[in-house]
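Chemist: Provided herewith is a single structure, encoded as structure tokens, for subsequent inquiry.
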Amino acid sequence: MLHIILYAIVPIFVIMGLGYFSGKAGAFSGDNARVLNKVVLNYALPAALFVAIIKSNREMLAVDIKLTIVSFVVLIACFFLVYFVFKYLYKDSTAESAVSALISGSPTIGFLGFAVLEPIFGTSASVALVIAIVSIEVNAIGIPIGLSLLNAGNAAAKTGAGKKPNPWKPVINALEQPVAWAPILAVVLVLFGVKWPAYLDPSFTLIAGANASVAVFAAGITLSSVKVQLNGQVWMGTFLKLIIMPLSLLVVGMLVHMNPLNLKMLVVCGALPPAFSGIIIASRYNCYVATGTSSLAVSTLLFMAACPLWIWLTDKAIEMFHYVG
């Protein structure tokens, strides 16, 4: 765990702190953060998602059908749980609830998946399998759904009372965004058995490499331009992300007798901090920025305790119930 903290968690706070103090010093502003996030959202993140997914194959998706089904059902359920909690309990708008779901209803698998899972479980193919499946579901399904809800909320706000907005327009607008269609395209190519040539990697990985660092740096700038909030919504988002999501994955996975190792890795994936892509989208659309960024900071800090806790709880649950996958 010391290795995970030093190599996965500490760099996030260092880069975020650098962005924060750069913003406080006046070197960058909130507008600059939105420009950086536009670069990440339209170019770096789509490239990173595309390359990560295209390197998988149909066999990987079919190796453990329980893993695919459990992760899909639970992650989508948690996504909509966050959406409805914030929409109806906290009376947020549709757009704000959509952004909160993109943040607290999704793990940051694309940013921290390998950095966290490989030091714990090694560099086996099973680790790559879990990360690939969760990445496909979070990025190829969750992001388009969140963007559709966000666009629907914005369209409804702009449409006068009594006028019903076109229900398909938000979906079309969402699918026009590179961050939505790039992972979907990658999934389609994988399903058709298209092999990704290695010589194309450098053309994508160069811009994809800016994904995590620029996004975290921009999050720090955003933090410097907004008042950090420690309100009920921040704590609720943190609770739903770090407690409810991994607990749901553990319970459902045990009920269907998932492979114990895959179950353990899936629970750790569920305990990862909120999705950085949600923060990028929040900043890009200037929606839910202060609360979302505060929730990211709190959840990332608490993840240092949540990760070893969930590993221990999963081991105890497997031992207590004499669980065999």
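In the structure tokens, each chain is lettered A, B, ... as it comes, each chain's residues begin at 1, and ligands are numbered from 1 in order of appearance.
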Skipping near chain neighbours, those fewer than 4 positions away, what residues fall within 7 Å of stretch 178-182 of chain A using only C-alpha atoms, listed as a PyMOL selection string?

Modeler: chain A and resi 41-42+45-46+50+140+143-144+174+186

Chemist: Identify, on the basis of only C-alpha atoms, every residue whose closest approach to A:Pro107 does not exceed 7 Å; exclude the query and any residue fewer than 4 positions from it along the same chain; express the result as a ChimeraX atom specification.

Modeler: /A:269-270,272-275

Chemist: At a cut-off of 10 Å, using only C-alpha atoms, what residues contact A:Gln233? Leave out same-chain residues fewer than 2 positions from it and give the result as a PDB file with N, CA and C atoms, in the first residue's frame.

Modeler:
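The result, stored in selection.pdb:
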```pdb
ATOM      1  N   VAL A  85     -30.337  10.477  -6.509  1.00  0.00           N
ATOM      2  CA  VAL A  85     -30.133  11.032  -5.164  1.00  0.00           C
ATOM      3  C   VAL A  85     -29.950  12.545  -5.235  1.00  0.00           C
ATOM      4  N   PHE A  86     -29.103  13.002  -6.166  1.00  0.00           N
ATOM      5  CA  PHE A  86     -28.834  14.432  -6.256  1.00  0.00           C
ATOM      6  C   PHE A  86     -29.996  15.193  -6.897  1.00  0.00           C
ATOM      7  N   LEU A  89     -33.175  14.217  -3.939  1.00  0.00           N
ATOM      8  CA  LEU A  89     -32.901  14.502  -2.531  1.00  0.00           C
ATOM      9  C   LEU A  89     -32.369  15.915  -2.351  1.00  0.00           C
ATOM     10  N   TYR A  90     -31.449  16.305  -3.233  1.00  0.00           N
ATOM     11  CA  TYR A  90     -30.848  17.631  -3.121  1.00  0.00           C
ATOM     12  C   TYR A  90     -31.455  18.648  -4.081  1.00  0.00           C
ATOM     13  N   SER A 100     -22.894  15.165 -11.484  1.00  0.00           N
ATOM     14  CA  SER A 100     -22.594  14.480 -10.226  1.00  0.00           C
ATOM     15  C   SER A 100     -22.509  12.966 -10.441  1.00  0.00           C
ATOM     16  N   GLN A 229     -15.704  23.367  -0.980  1.00  0.00           N
ATOM     17  CA  GLN A 229     -16.909  23.129  -0.200  1.00  0.00           C
ATOM     18  C   GLN A 229     -16.833  21.787   0.503  1.00  0.00           C
ATOM     19  N   LEU A 230     -17.262  21.775   1.750  1.00  0.00           N
ATOM     20  CA  LEU A 230     -17.383  20.528   2.489  1.00  0.00           C
ATOM     21  C   LEU A 230     -18.814  20.423   2.991  1.00  0.00           C
ATOM     22  N   ASN A 231     -19.739  20.405   2.028  1.00  0.00           N
ATOM     23  CA  ASN A 231     -21.153  20.367   2.366  1.00  0.00           C
ATOM     24  C   ASN A 231     -21.711  18.954   2.276  1.00  0.00           C
ATOM     25  N   TRP A 235     -20.033  15.170   0.886  1.00  0.00           N
ATOM     26  CA  TRP A 235     -19.935  13.962   1.705  1.00  0.00           C
ATOM     27  C   TRP A 235     -20.820  12.847   1.166  1.00  0.00           C
ATOM     28  N   MET A 236     -21.997  13.200   0.633  1.00  0.00           N
ATOM     29  CA  MET A 236     -22.875  12.185   0.049  1.00  0.00           C
ATOM     30  C   MET A 236     -22.228  11.564  -1.188  1.00  0.00           C
ATOM     31  N   GLY A 237     -21.644  12.400  -2.058  1.00  0.00           N
ATOM     32  CA  GLY A 237     -20.968  11.884  -3.232  1.00  0.00           C
ATOM     33  C   GLY A 237     -19.815  10.970  -2.864  1.00  0.00           C
ATOM     34  N   THR A 238     -19.066  11.359  -1.828  1.00  0.00           N
ATOM     35  CA  THR A 238     -17.950  10.539  -1.357  1.00  0.00           C
ATOM     36  C   THR A 238     -18.444   9.210  -0.797  1.00  0.00           C
ATOM     37  N   PHE A 239     -19.531   9.244  -0.030  1.00  0.00           N
ATOM     38  CA  PHE A 239     -20.114   8.031   0.543  1.00  0.00           C
ATOM     39  C   PHE A 239     -20.598   7.077  -0.551  1.00  0.00           C
ATOM     40  N   THR A 291     -18.521  21.998  -6.309  1.00  0.00           N
ATOM     41  CA  THR A 291     -18.868  20.808  -5.528  1.00  0.00           C
ATOM     42  C   THR A 291     -18.199  19.571  -6.097  1.00  0.00           C
ATOM     43  N   GLY A 292     -18.185  19.458  -7.426  1.00  0.00           N
ATOM     44  CA  GLY A 292     -17.567  18.301  -8.058  1.00  0.00           C
ATOM     45  C   GLY A 292     -16.082  18.213  -7.782  1.00  0.00           C
ATOM     46  N   SER A 294     -14.465  19.613  -5.282  1.00  0.00           N
ATOM     47  CA  SER A 294     -14.298  19.355  -3.846  1.00  0.00           C
ATOM     48  C   SER A 294     -14.510  17.875  -3.541  1.00  0.00           C
ATOM     49  N   SER A 295     -15.515  17.274  -4.178  1.00  0.00           N
ATOM     50  CA  SER A 295     -15.793  15.850  -3.976  1.00  0.00           C
ATOM     51  C   SER A 295     -14.632  14.993  -4.459  1.00  0.00           C
TER      52      SER A 295
END
```

Chemist: Point out the residue among A:Ala25, A:Met16, A:Val10, A:Ala152 with the least atom-to-atom distance to A:Gly220, counting only C-alpha atoms.

Modeler: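 When distances to A:Gly220 are compared using only C-alpha atoms, the smallest one comes from A:Met16.
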
Chemist: Between A:Gly26, A:Pro202, A:Pro119, A:Gly19, which one has atoms that come closest to A:His3, using only C-alpha atoms?

Modeler: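 Selected residue with least distance to A:His3: A:Pro119.
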
Chemist: Env of A:Leu81: 10 Å cut, atoms = only C-alpha atoms, seq-sep filter 5 positions within chain, self excluded. Answer as a PyMOL selection string.

Modeler: chain A and resi 75-76+86-87+101+104-105+240+244-245

Chemist: Take the selection from the previous step and output its residues with N, CA and C atoms, as a PDB file, in the first residue's frame.

Modeler:
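Output file part-v3.pdb follows:
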```pdb
ATOM      1  N   LEU A  75     -22.363  -0.977 -11.984  1.00  0.00           N
ATOM      2  CA  LEU A  75     -21.855   0.367 -12.289  1.00  0.00           C
ATOM      3  C   LEU A  75     -22.944   1.264 -12.862  1.00  0.00           C
ATOM      4  N   ILE A  76     -23.777   0.724 -13.746  1.00  0.00           N
ATOM      5  CA  ILE A  76     -24.872   1.522 -14.293  1.00  0.00           C
ATOM      6  C   ILE A  76     -25.889   1.846 -13.201  1.00  0.00           C
ATOM      7  N   PHE A  86     -29.103  13.002  -6.166  1.00  0.00           N
ATOM      8  CA  PHE A  86     -28.834  14.432  -6.256  1.00  0.00           C
ATOM      9  C   PHE A  86     -29.996  15.193  -6.897  1.00  0.00           C
ATOM     10  N   LYS A  87     -30.723  14.540  -7.779  1.00  0.00           N
ATOM     11  CA  LYS A  87     -31.832  15.220  -8.447  1.00  0.00           C
ATOM     12  C   LYS A  87     -33.042  15.375  -7.520  1.00  0.00           C
ATOM     13  N   ALA A 101     -23.360  12.428 -11.335  1.00  0.00           N
ATOM     14  CA  ALA A 101     -23.305  10.997 -11.646  1.00  0.00           C
ATOM     15  C   ALA A 101     -22.038  10.650 -12.413  1.00  0.00           C
ATOM     16  N   SER A 104     -19.266  11.073  -9.203  1.00  0.00           N
ATOM     17  CA  SER A 104     -19.362  10.145  -8.070  1.00  0.00           C
ATOM     18  C   SER A 104     -19.972   8.802  -8.445  1.00  0.00           C
ATOM     19  N   GLY A 105     -20.517   8.688  -9.664  1.00  0.00           N
ATOM     20  CA  GLY A 105     -21.111   7.430 -10.100  1.00  0.00           C
ATOM     21  C   GLY A 105     -20.218   6.623 -11.008  1.00  0.00           C
ATOM     22  N   LEU A 240     -21.303   7.621  -1.539  1.00  0.00           N
ATOM     23  CA  LEU A 240     -21.813   6.774  -2.616  1.00  0.00           C
ATOM     24  C   LEU A 240     -20.684   6.158  -3.427  1.00  0.00           C
ATOM     25  N   ILE A 244     -20.771   2.728  -1.167  1.00  0.00           N
ATOM     26  CA  ILE A 244     -21.884   2.017  -1.802  1.00  0.00           C
ATOM     27  C   ILE A 244     -21.446   1.258  -3.050  1.00  0.00           C
ATOM     28  N   MET A 245     -20.624   1.871  -3.902  1.00  0.00           N
ATOM     29  CA  MET A 245     -20.230   1.199  -5.140  1.00  0.00           C
ATOM     30  C   MET A 245     -19.421  -0.072  -4.888  1.00  0.00           C
TER      31      MET A 245
END
```

Chemist: Go through A:Glu176, A:Met254, A:Ile133, A:Val298 one by one, measure the shortest atom-to-atom distance of each to A:Glu319 using only C-alpha atoms, and give the residue with the smallest value.

Modeler: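 The shortest atom-to-atom distance to A:Glu319 comes from A:Met254.
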
Chemist: With DSSP run on the backbone, what are the alpha helix (DSSP H) residues within stretch 25-89 of chain A? I'd like them as a count of residues only.

Modeler: 46

Chemist: Applying 10 Å and only C-alpha atoms, which residues near A:Leu313 remain after dropping the ones on its own chain fewer than 4 positions away? List them as a list of chain:residue names.

Modeler: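 Final neighbour list, sorted by chain and number: A:Leu247, A:Leu250, A:Lys264, A:Val267, A:Pro308, A:Leu309, A:Ala317, A:Ile318, A:Glu319.
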
Chemist: List the spatial neighbours of A:Gly142 as a list in words - criterion: any atom at most 8 Å away, only C-alpha atoms, same-chain residues fewer than 4 positions off excluded.

Modeler: Ile76, Phe79, Leu102, Ser106, Glu137, Val138 and Gly146 of chain A

Chemist: So, counting only C-alpha atoms, which residue among A:Ala95, A:Val190, A:Ile221, A:Ile136 is closest to A:Thr68?

Modeler: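 Among the listed residues, the smallest separation from A:Thr68 belongs to A:Ile136.
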
Chemist: Choose the residue, out of A:Ala282, A:Leu117, A:Ile9, A:Ile15, that has the smallest atom-to-atom separation from A:Thr300; count only C-alpha atoms.

Modeler: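 Checking each candidate against A:Thr300, we get A:Ile9 as the closest.
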
Chemist: Could you tell me how far atom CA of A:Lys38 lies from atom CA of A:Asp92, in Å and to one decimal?

Modeler: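 Here the two named atoms are 24.6 Å from each other.
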
Chemist: When you count only C-alpha atoms, which of these residues is closest to A:Ala212: A:Tyr88, A:Phe276, A:Tyr199, A:Phe72?

Modeler: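 Among A:Tyr88, A:Phe276, A:Tyr199, A:Phe72, it is A:Phe276 that comes nearest to A:Ala212.
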